[in-house]
>>> print(open('run-v1.txt').read())   # compact mmCIF, C-alpha atoms
# COMPACT_ATOMS: atom_id res chain seq x y z
CA MET D 21 93.59 99.64 74.25
CA ILE D 22 93.14 103.36 74.92
CA VAL D 23 89.60 104.45 75.84
CA LYS D 24 88.65 108.12 76.06
CA VAL D 25 86.05 108.66 78.78
CA GLY D 26 84.11 111.71 79.90
CA VAL D 27 82.45 112.04 83.32
CA VAL D 28 79.77 114.70 82.91
CA GLN D 29 79.03 116.74 86.04
CA GLU D 30 75.88 118.59 85.02
CA SER D 31 72.47 119.42 86.47
CA PRO D 32 69.16 118.37 84.89
CA VAL D 33 66.23 120.59 84.01
CA PHE D 34 64.57 119.36 87.17
CA LEU D 35 61.34 117.37 86.82
CA ASP D 36 61.22 118.18 83.12
CA LYS D 37 62.01 115.05 81.12
CA LYS D 38 61.84 116.74 77.74
CA GLY D 39 63.97 119.66 78.88
CA THR D 40 66.56 117.31 80.36
CA LEU D 41 66.60 115.10 77.25
CA ASP D 42 67.17 118.22 75.15
CA LYS D 43 70.03 119.23 77.45
CA LEU D 44 71.47 115.72 77.30
CA GLU D 45 71.36 115.79 73.51
CA ASN D 46 73.17 119.13 73.35
CA LEU D 47 75.86 117.88 75.73
CA VAL D 48 76.40 114.61 73.87
CA LYS D 49 76.54 116.32 70.48
CA GLY D 50 78.92 118.92 71.83
CA TYR D 51 81.32 116.33 73.22
CA ALA D 52 81.03 113.97 70.23
CA SER D 53 83.43 116.14 68.23
CA GLU D 54 86.09 115.49 70.90
CA ASN D 55 86.14 111.75 70.12
CA TYR D 56 84.90 110.37 73.42
CA ASN D 57 84.28 106.63 73.51
CA LEU D 58 82.17 106.78 76.68
CA LEU D 59 80.15 109.50 78.41
CA VAL D 60 78.78 109.00 81.94
CA PHE D 61 75.95 111.01 83.52
CA PRO D 62 74.97 111.28 87.22
CA GLU D 63 72.50 109.41 89.39
CA SER D 64 68.88 110.10 88.41
CA PHE D 65 70.02 112.72 85.90
CA ILE D 66 66.61 112.26 84.30
CA PRO D 67 64.35 113.73 85.69
CA GLY D 68 66.61 114.78 88.60
CA TYR D 69 67.61 113.65 92.08
CA PRO D 70 64.93 115.06 94.44
CA ARG D 71 67.33 116.35 97.06
CA GLY D 72 65.61 117.92 100.07
CA PHE D 73 62.13 116.52 99.29
CA ASP D 74 60.22 114.45 101.85
CA PHE D 75 57.22 113.59 99.63
CA GLY D 76 54.92 114.38 102.55
CA THR D 77 55.94 111.32 104.55
CA ARG D 78 56.35 110.72 108.24
CA VAL D 79 56.25 107.44 110.10
CA GLY D 80 52.60 106.46 110.07
CA SER D 81 51.32 109.09 107.64
CA ARG D 82 51.52 110.35 104.05
CA SER D 83 50.05 113.61 102.77
CA ASP D 84 47.93 114.25 99.67
CA GLU D 85 50.51 116.83 98.58
CA GLY D 86 53.25 114.20 98.82
CA ARG D 87 51.24 111.76 96.73
CA GLU D 88 50.73 114.45 94.07
CA LEU D 89 54.46 115.21 94.04
CA TYR D 90 55.24 111.50 93.64
CA GLN D 91 52.83 111.34 90.70
CA GLN D 92 54.57 114.33 89.07
CA TYR D 93 57.93 112.66 89.59
CA ARG D 94 56.62 109.43 88.10
CA GLU D 95 55.15 111.17 85.07
CA GLN D 96 58.54 112.71 84.24
CA SER D 97 60.52 109.49 84.73
CA ILE D 98 61.98 107.35 81.95
CA ASP D 99 59.88 104.56 80.45
CA LEU D 100 61.98 102.02 78.55
CA GLU D 101 58.89 100.73 76.76
CA SER D 102 58.25 104.14 75.23
CA TYR D 103 59.95 106.45 72.74
CA ASP D 104 62.30 107.49 75.58
CA LEU D 105 64.51 104.51 74.82
CA LYS D 106 64.55 105.03 71.06
CA TYR D 107 65.56 108.64 71.65
CA LEU D 108 68.53 107.64 73.79
CA GLU D 109 69.60 104.82 71.48
CA THR D 110 69.51 107.14 68.48
CA LEU D 111 71.55 109.72 70.37
CA SER D 112 74.22 107.12 71.11
CA LYS D 113 74.24 105.73 67.56
CA GLU D 114 74.35 109.07 65.73
CA ASN D 115 77.20 110.35 67.90
CA GLU D 116 79.08 107.02 67.98
CA VAL D 117 79.54 107.07 71.75
CA TYR D 118 78.64 104.72 74.58
CA LEU D 119 76.31 106.33 77.12
CA VAL D 120 75.80 105.39 80.76
CA ILE D 121 72.99 107.48 82.19
CA GLY D 122 71.45 107.63 85.65
CA VAL D 123 67.65 107.81 85.47
CA THR D 124 64.56 107.31 87.55
CA GLU D 125 62.70 104.57 85.72
CA LYS D 126 59.00 103.78 85.65
CA GLN D 127 57.42 100.61 84.29
CA SER D 128 53.99 100.38 82.69
CA HIS D 129 53.02 97.27 84.66
CA SER D 130 53.99 98.71 88.04
CA GLY D 131 53.50 101.90 89.98
CA SER D 132 56.93 101.63 91.59
CA LEU D 133 59.99 103.58 90.49
CA TYR D 134 63.62 102.46 90.28
CA CYS D 135 66.88 104.35 90.50
CA SER D 136 68.52 102.93 87.39
CA MET D 137 71.67 103.11 85.33
CA LEU D 138 71.24 102.59 81.57
CA TYR D 139 74.06 101.12 79.46
CA ILE D 140 73.65 102.13 75.82
CA SER D 141 75.88 101.02 72.95
CA PRO D 142 76.17 102.95 69.68
CA THR D 143 75.82 99.67 67.77
CA ASP D 144 73.57 97.53 69.99
CA GLY D 145 71.37 100.13 71.66
CA LEU D 146 70.32 99.34 75.23
CA MET D 147 72.61 96.57 76.47
CA GLY D 148 71.00 96.40 79.90
CA VAL D 149 69.97 98.16 83.09
CA HIS D 150 71.31 98.19 86.61
CA ARG D 151 68.58 99.05 89.11
CA LYS D 152 69.64 100.06 92.60
CA ILE D 153 69.33 97.08 94.93
CA LYS D 154 69.22 99.16 98.12
CA PRO D 155 67.97 102.77 98.18
CA THR D 156 69.34 104.70 101.14
CA GLY D 157 67.35 106.38 103.91
CA SER D 158 64.38 108.36 102.63
CA GLU D 159 65.13 107.22 99.07
CA ARG D 160 63.20 104.08 100.05
CA VAL D 161 59.99 106.12 99.94
CA ILE D 162 60.27 106.72 96.18
CA TRP D 163 62.50 103.92 94.82
CA ALA D 164 61.85 100.20 94.97
CA GLU D 165 64.58 97.58 95.42
CA ALA D 166 65.88 95.46 92.57
CA ALA D 167 67.38 91.98 92.95
CA GLY D 168 70.34 89.97 91.71
CA GLU D 169 69.33 90.13 88.05
CA SER D 170 70.27 93.81 88.18
CA LEU D 171 73.94 93.13 88.97
CA VAL D 172 74.94 93.39 85.32
CA THR D 173 78.26 93.64 83.47
CA PHE D 174 78.91 94.15 79.77
CA GLN D 175 81.74 93.05 77.50
CA THR D 176 82.12 95.77 74.88
CA LYS D 177 84.63 97.01 72.35
CA ILE D 178 85.85 99.56 74.91
CA GLY D 179 86.29 97.09 77.76
CA ARG D 180 84.16 95.36 80.36
CA LEU D 181 81.70 97.81 81.95
CA GLY D 182 79.87 97.52 85.25
CA GLY D 183 79.22 99.39 88.45
CA LEU D 184 76.89 100.35 91.28
CA ILE D 185 74.89 103.43 92.24
CA CYS D 186 75.77 105.64 95.22
CA TRP D 187 75.79 103.81 98.57
CA GLU D 188 75.45 100.39 96.98
CA ASN D 189 79.19 100.88 96.69
CA TYR D 190 79.44 100.44 100.46
CA MET D 191 78.03 96.91 100.16
CA PRO D 192 81.04 94.52 100.06
CA GLN D 193 79.14 91.66 98.43
CA ALA D 194 77.73 93.97 95.76
CA ARG D 195 81.24 95.17 94.92
CA MET D 196 82.45 91.57 94.78
CA SER D 197 79.64 90.79 92.34
CA MET D 198 81.24 93.30 89.98
CA TYR D 199 84.83 92.19 90.59
CA GLY D 200 83.84 88.57 90.04
CA LYS D 201 82.75 89.45 86.50
CA GLY D 202 86.11 91.06 85.76
CA VAL D 203 84.88 94.65 85.53
CA GLU D 204 87.48 96.94 83.94
CA ILE D 205 85.66 100.28 83.88
CA TYR D 206 83.65 100.56 87.09
CA ILE D 207 80.97 103.28 86.91
CA ALA D 208 79.59 104.87 90.08
CA PRO D 209 76.94 107.57 89.65
CA THR D 210 76.13 109.15 93.01
CA ALA D 211 74.45 111.95 94.92
CA ASP D 212 77.12 111.92 97.65
CA ALA D 213 79.22 115.10 97.48
CA ARG D 214 81.18 114.62 100.68
CA ASP D 215 84.95 114.52 100.67
CA SER D 216 84.82 111.00 102.13
CA TRP D 217 83.23 109.75 98.89
CA ILE D 218 86.52 110.33 97.10
CA SER D 219 88.17 107.89 99.49
CA THR D 220 85.51 105.33 98.59
CA MET D 221 86.24 105.72 94.88
CA LYS D 222 89.97 105.29 95.49
CA HIS D 223 89.37 102.24 97.65
CA ILE D 224 87.19 100.55 95.01
CA ALA D 225 89.81 101.17 92.34
CA LEU D 226 92.51 99.65 94.55
CA GLU D 227 90.33 96.75 95.71
CA GLY D 228 88.96 95.87 92.28
CA ARG D 229 92.08 96.82 90.31
CA CYS D 230 89.85 98.65 87.84
CA PHE D 231 89.32 102.17 86.57
CA VAL D 232 86.62 103.95 88.56
CA LEU D 233 84.44 106.74 87.15
CA GLY D 234 82.62 108.51 89.97
CA CYS D 235 79.94 110.84 88.58
CA ASN D 236 77.93 113.40 90.55
CA GLN D 237 76.00 116.54 89.64
CA PHE D 238 76.48 120.14 90.72
CA PHE D 239 73.12 121.43 91.91
CA THR D 240 71.94 124.59 93.66
CA LYS D 241 68.64 125.48 95.30
CA SER D 242 68.07 128.15 92.65
CA MET D 243 67.95 125.42 89.99
CA TYR D 244 64.63 124.20 91.39
CA PRO D 245 61.56 125.73 89.71
CA GLU D 246 59.73 128.34 91.79
CA SER D 247 56.93 125.86 92.50
CA PHE D 248 59.35 123.70 94.52
CA GLN D 249 61.18 126.42 96.44
CA SER D 250 58.94 126.08 99.50
CA LEU D 251 60.01 122.43 99.84
CA VAL D 252 63.69 123.34 100.20
CA LYS D 253 63.54 126.72 101.94
CA THR D 254 65.77 125.58 104.81
CA GLU D 255 68.46 124.18 102.49
CA GLN D 256 71.73 125.92 101.70
CA GLU D 257 72.12 127.40 98.22
CA ILE D 258 74.68 124.81 97.10
CA MET D 259 72.80 121.57 97.66
CA CYS D 260 75.28 119.30 95.88
CA LYS D 261 78.83 120.50 95.25
CA GLY D 262 79.73 117.64 92.91
CA GLY D 263 82.97 115.74 93.41
CA SER D 264 83.16 113.69 90.21
CA VAL D 265 86.45 111.84 89.87
CA ILE D 266 88.37 109.38 87.68
CA VAL D 267 90.68 106.92 89.47
CA SER D 268 93.32 104.48 88.18
CA PRO D 269 93.57 100.77 89.10
CA LEU D 270 96.30 101.72 91.58
CA GLY D 271 94.00 104.13 93.38
CA GLU D 272 95.58 107.25 91.96
CA ILE D 273 93.33 110.13 90.97
CA ILE D 274 93.65 110.77 87.23
CA GLN D 275 91.17 113.66 87.04
CA GLY D 276 89.21 115.59 89.65
CA PRO D 277 87.62 115.76 92.06
CA LEU D 278 85.53 118.49 90.46
CA PHE D 279 83.73 120.69 93.00
CA ASP D 280 81.44 123.73 92.90
CA THR D 281 80.89 123.87 89.15
CA GLU D 282 79.41 122.03 86.20
CA GLY D 283 81.81 120.52 83.68
CA ILE D 284 83.38 117.35 82.37
CA LEU D 285 86.33 115.26 83.50
CA SER D 286 88.23 113.73 80.60
CA ALA D 287 90.80 110.94 80.58
CA GLU D 288 92.36 108.44 78.21
CA LEU D 289 92.44 105.06 79.94
CA ASP D 290 95.04 102.46 79.01
CA LEU D 291 93.26 99.18 79.77
CA GLU D 292 96.60 97.38 79.98
CA ASP D 293 97.16 99.25 83.24
CA ILE D 294 94.63 96.84 84.76
CA GLY D 295 96.82 93.82 84.05
CA ARG D 296 99.91 95.65 85.32
CA SER D 297 98.14 96.52 88.57
CA LYS D 298 97.42 92.87 89.35
CA LEU D 299 101.06 91.95 89.84
CA ASP D 300 100.76 92.39 93.59
CA PHE D 301 97.00 92.18 94.22
CA ASP D 302 94.11 90.47 92.45
CA VAL D 303 90.88 90.30 94.43
CA ILE D 304 89.44 87.48 92.31
CA GLY D 305 92.79 85.81 91.61
CA HIS D 306 95.68 85.09 93.95
CA TYR D 307 94.11 87.07 96.82
CA SER D 308 90.71 85.35 96.62
CA ARG D 309 91.48 82.30 98.86
CA PRO D 310 88.61 80.08 97.65
CA ASP D 311 89.80 77.42 100.13
CA ILE D 312 88.52 79.74 102.90
CA PHE D 313 85.89 81.98 101.35
CA SER D 314 82.95 81.46 99.04
CA MET D 315 80.10 83.71 97.96
CA GLU D 316 76.84 82.91 96.23
CA ILE D 317 75.00 85.64 94.32
CA ASN D 318 71.37 84.79 93.62
CA GLY D 319 70.15 85.67 90.17
CA GLN D 320 73.18 87.53 88.82
CA PRO D 321 73.26 87.17 85.02
CA ASP D 322 76.26 86.13 82.99
CA ILE D 323 78.35 88.82 81.35
CA ILE D 324 76.33 90.39 78.56
CA GLN D 325 78.38 90.51 75.38
CA GLU D 326 77.91 93.29 72.90
CA LYS D 327 76.87 91.70 69.60
CA SER D 328 79.51 93.58 67.64
CA PHE D 329 82.30 92.69 70.10
CA GLN D 330 85.07 90.53 68.74
CA LYS D 331 87.71 89.24 71.11
CA PRO D 332 91.20 90.40 70.03
CA ASN D 333 93.50 87.72 68.66
>>> encode(input="run-v1.txt", output="structure tokens")
Amino acid sequence: MIVKVGVVQESPVFLDKKGTLDKLENLVKGYASENYNLLVFPESFIPGYPRGFDFGTRVGSRSDEGRELYQQYREQSIDLESYDLKYLETLSKENEVYLVIGVTEKQSHSGSLYCSMLYISPTDGLMGVHRKIKPTGSERVIWAEAAGESLVTFQTKIGRLGGLICWENYMPQARMSMYGKGVEIYIAPTADARDSWISTMKHIALEGRCFVLGCNQFFTKSMYPESFQSLVKTEQEIMCKGGSVIVSPLGEIIQGPLFDTEGILSAELDLEDIGRSKLDFDVIGHYSRPDIFSMEINGQPDIIQEKSFQKPN
């Protein structure tokens, strides 16, 4: 099976959900004519990754200004119980493309926010959500932790999809939770633009014997609205240089890394390369050594099967 994927390295209209949804729609419609099967968008693309913000927090104190900023951020976040979801599902259906989108997610029954990755099928709509199980550093101020039920994988017509967000990918057990479900296209939205991140993407591809789609955004200080400039005045102009990349199951870079610009990385993935790559290494097969090692994952769901998926004869 050949799957055409696009890793979209773009910036949001920061803290403007409607503006970012409009931009997302224009991007998806523009790429739809190029026959992509899957488009991937960066971590917290909607309403934006709040790089450089401290939300008025120090150990032992929080400011009124920080609370107001958090409320603004929450108001512009995605609510899956609202029209937000219908909008995204319709976008996927009308353009006949799978979408994996990084968002900050709010829930009507809770004041907490989650750094989430939405998996949307053009036939089934929202298949499921991965919510980050461990925000990093100051991210813990704004994003809550999810649990094992968020370690999701999906059997679709374009292969088995799964993945983790940003530094979750440094958690060995979390990676194994994906490998154990036979992930074929491993999706890794991130805010890490360092050169070392590319090595991580290559390692995961080699370890999991899967295709890896690493997706970041290119973002500059000037992209922040004027009202936020005082919060990032000490930051360099290029705040995130990108680094999106597509890697083969043998750890070879197919496309990228893309630095210092917005754009898209495009590749046609031959899923049979996954089987070929397992001749000499299979992390859940002949290299697993279940006589020595075992791992229990609390609450991880079974593979979610797309309703329209039919297993090939």
>>> closest_atom_pairs(input="run-v1.txt", of="segment 26-78 of chain D", to="segment 266-285 of chain D", cutoff="7 Å", atoms="all atoms listed in the file", output="JSON lines")
{"residue": "D:Gly26", "atom": "CA", "partner": "D:Leu285", "partner_atom": "CA", "distance": 5.5}
{"residue": "D:Val27", "atom": "CA", "partner": "D:Leu285", "partner_atom": "CA", "distance": 5.0}
{"residue": "D:Val28", "atom": "CA", "partner": "D:Ile284", "partner_atom": "CA", "distance": 4.5}
{"residue": "D:Gln29", "atom": "CA", "partner": "D:Gly283", "partner_atom": "CA", "distance": 5.3}
{"residue": "D:Glu30", "atom": "CA", "partner": "D:Glu282", "partner_atom": "CA", "distance": 5.1}
>>> atom_distance(input="run-v1.txt", atom1="atom CA of Ile324 of chain D", atom2="atom CA of Thr143 of chain D")
14.2 Å
>>> residues_around(input="run-v1.txt", residues="Glu101 of chain D", least_positions_apart="3", cutoff="8 Å", atoms="only C-alpha atoms", output="ChimeraX atom specification")
/D:104-105,127-128
>>> closest_atom_pairs(input="run-v1.txt", of="segment 115-145 of chain D", to="segment 34-43 of chain D", cutoff="12 Å", atoms="only C-alpha atoms", output="Markdown table")
| residue | atom | partner | partner_atom | distance |
| --- | --- | --- | --- | --- |
| D:Ile121 | CA | D:Leu41 | CA | 11.1 |
| D:Val123 | CA | D:Lys37 | CA | 10.2 |
| D:Thr124 | CA | D:Lys37 | CA | 10.4 |
| D:Glu125 | CA | D:Lys37 | CA | 11.5 |
>>> write_last_selection(input="run-v1.txt", atoms="C-alpha atoms", output="mmCIF file, in the frame of the given file")
data_model
loop_
_atom_site.group_PDB
_atom_site.id
_atom_site.type_symbol
_atom_site.label_atom_id
_atom_site.label_comp_id
_atom_site.auth_asym_id
_atom_site.auth_seq_id
_atom_site.Cartn_x
_atom_site.Cartn_y
_atom_site.Cartn_z
ATOM 1 C CA ILE D 121 72.990 107.480 82.190
ATOM 2 C CA VAL D 123 67.650 107.810 85.470
ATOM 3 C CA THR D 124 64.560 107.310 87.550
ATOM 4 C CA GLU D 125 62.700 104.570 85.720
#
>>> closest_atom_pairs(input="run-v1.txt", of="segment 207-302 of chain D", to="segment 77-98 of chain D", cutoff="12 Å", atoms="only C-alpha atoms", output="Markdown table")
| residue | atom | partner | partner_atom | distance |
| --- | --- | --- | --- | --- |
| D:Ser247 | CA | D:Leu89 | CA | 11.0 |
| D:Phe248 | CA | D:Leu89 | CA | 9.8 |
| D:Leu251 | CA | D:Gly86 | CA | 10.7 |
>>> write_last_selection(input="run-v1.txt", atoms="C-alpha atoms", output="mmCIF file, in the frame of the given file")
data_model
loop_
_atom_site.group_PDB
_atom_site.id
_atom_site.type_symbol
_atom_site.label_atom_id
_atom_site.label_comp_id
_atom_site.auth_asym_id
_atom_site.auth_seq_id
_atom_site.Cartn_x
_atom_site.Cartn_y
_atom_site.Cartn_z
ATOM 1 C CA SER D 247 56.930 125.860 92.500
ATOM 2 C CA PHE D 248 59.350 123.700 94.520
ATOM 3 C CA LEU D 251 60.010 122.430 99.840
#
>>> atom_distance(input="run-v1.txt", atom1="atom CA of Ala213 of chain D", atom2="atom CA of Pro155 of chain D")
16.7 Å
>>> residues_around(input="run-v1.txt", residues="segment 48-57 of chain D", least_positions_apart="5", cutoff="9 Å", atoms="only C-alpha atoms", output="PyMOL selection string")
chain D and resi 23-26+43+111-112+114-119+178+286
>>> closest_residue(input="run-v1.txt", among="D:His129, D:Ala166, D:Lys177, D:Phe231", to="Ala287 of chain D", atoms="all atoms listed in the file")
D:Phe231
>>> closest_atom_pairs(input="run-v1.txt", of="segment 60-153 of chain D", to="segment 197-209 of chain D", cutoff="7 Å", atoms="only C-alpha atoms", output="CSV")
residue,atom,partner,partner_atom,distance
D:Pro62,CA,D:Pro209,CA,4.9
D:Glu63,CA,D:Pro209,CA,4.8
D:Gly122,CA,D:Pro209,CA,6.8
>>> axis_aligned_box(input="run-v1.txt", around="segment 251-262 of chain D", padding_each_side="3 Å", output="JSON")
{"center_x": 69.9, "center_y": 122.5, "center_z": 98.9, "size_x": 25.7, "size_y": 15.8, "size_z": 17.9}
>>> atom_distance(input="run-v1.txt", atom1="atom CA of Arg229 of chain D", atom2="atom CA of Asp300 of chain D")
10.3 Å
>>> closest_atom_pairs(input="run-v1.txt", of="segment 231-277 of chain D", to="segment 179-190 of chain D", cutoff="10 Å", atoms="only C-alpha atoms", output="JSON lines")
{"residue": "D:Phe231", "atom": "CA", "partner": "D:Leu181", "partner_atom": "CA", "distance": 9.9}
{"residue": "D:Val232", "atom": "CA", "partner": "D:Gly183", "partner_atom": "CA", "distance": 8.7}
{"residue": "D:Leu233", "atom": "CA", "partner": "D:Gly183", "partner_atom": "CA", "distance": 9.1}
{"residue": "D:Gly234", "atom": "CA", "partner": "D:Cys186", "partner_atom": "CA", "distance": 9.1}
{"residue": "D:Cys235", "atom": "CA", "partner": "D:Cys186", "partner_atom": "CA", "distance": 9.4}
{"residue": "D:Asn236", "atom": "CA", "partner": "D:Cys186", "partner_atom": "CA", "distance": 9.3}
>>> write_last_selection(input="run-v1.txt", atoms="C-alpha atoms", output="JSON list (two decimals), keeping the file's coordinate frame")
[["chain", "number", "residue", "atom", "x", "y", "z"],
["D", 231, "PHE", "CA", 89.32, 102.17, 86.57],
["D", 232, "VAL", "CA", 86.62, 103.95, 88.56],
["D", 233, "LEU", "CA", 84.44, 106.74, 87.15],
["D", 234, "GLY", "CA", 82.62, 108.51, 89.97],
["D", 235, "CYS", "CA", 79.94, 110.84, 88.58],
["D", 236, "ASN", "CA", 77.93, 113.40, 90.55]]
>>> closest_residue(input="run-v1.txt", among="D:Glu227, D:Leu138, D:Lys222, D:Arg214", to="Phe301 of chain D", atoms="only C-alpha atoms")
D:Glu227
>>> build_atoms(input="run-v1.txt", residues="segment 65-77 of chain D", atoms="N, CA and C atoms", output="short mmCIF file (atom, residue, chain, number, x, y, z; two decimals), in the frame of the given file")
data_model
loop_
_atom_site.label_atom_id
_atom_site.label_comp_id
_atom_site.auth_asym_id
_atom_site.auth_seq_id
_atom_site.Cartn_x
_atom_site.Cartn_y
_atom_site.Cartn_z
N PHE D 65 69.88 111.49 86.69
CA PHE D 65 70.02 112.72 85.90
C PHE D 65 68.69 113.08 85.24
N ILE D 66 67.95 112.06 84.84
CA ILE D 66 66.61 112.26 84.30
C ILE D 66 65.62 111.59 85.26
N PRO D 67 64.64 112.30 85.84
CA PRO D 67 64.35 113.73 85.69
C PRO D 67 64.96 114.59 86.80
N GLY D 68 65.94 114.04 87.54
CA GLY D 68 66.61 114.78 88.60
C GLY D 68 66.54 114.05 89.93
N TYR D 69 67.57 114.23 90.73
CA TYR D 69 67.61 113.65 92.08
C TYR D 69 66.87 114.61 93.02
N PRO D 70 65.80 114.15 93.68
CA PRO D 70 64.93 115.06 94.44
C PRO D 70 65.48 115.43 95.82
N ARG D 71 66.65 116.01 95.81
CA ARG D 71 67.33 116.35 97.06
C ARG D 71 66.48 117.34 97.88
N GLY D 72 66.33 117.04 99.17
CA GLY D 72 65.61 117.92 100.07
C GLY D 72 64.11 117.66 100.15
N PHE D 73 63.57 116.79 99.28
CA PHE D 73 62.13 116.52 99.29
C PHE D 73 61.79 115.42 100.30
N ASP D 74 60.65 115.53 100.97
CA ASP D 74 60.22 114.45 101.85
C ASP D 74 58.97 113.74 101.34
N PHE D 75 58.40 114.19 100.24
CA PHE D 75 57.22 113.59 99.63
C PHE D 75 56.09 113.42 100.65
N GLY D 76 56.02 114.35 101.59
CA GLY D 76 54.92 114.38 102.55
C GLY D 76 54.83 113.17 103.45
N THR D 77 55.98 112.56 103.76
CA THR D 77 55.94 111.32 104.55
C THR D 77 56.51 111.54 105.95
#
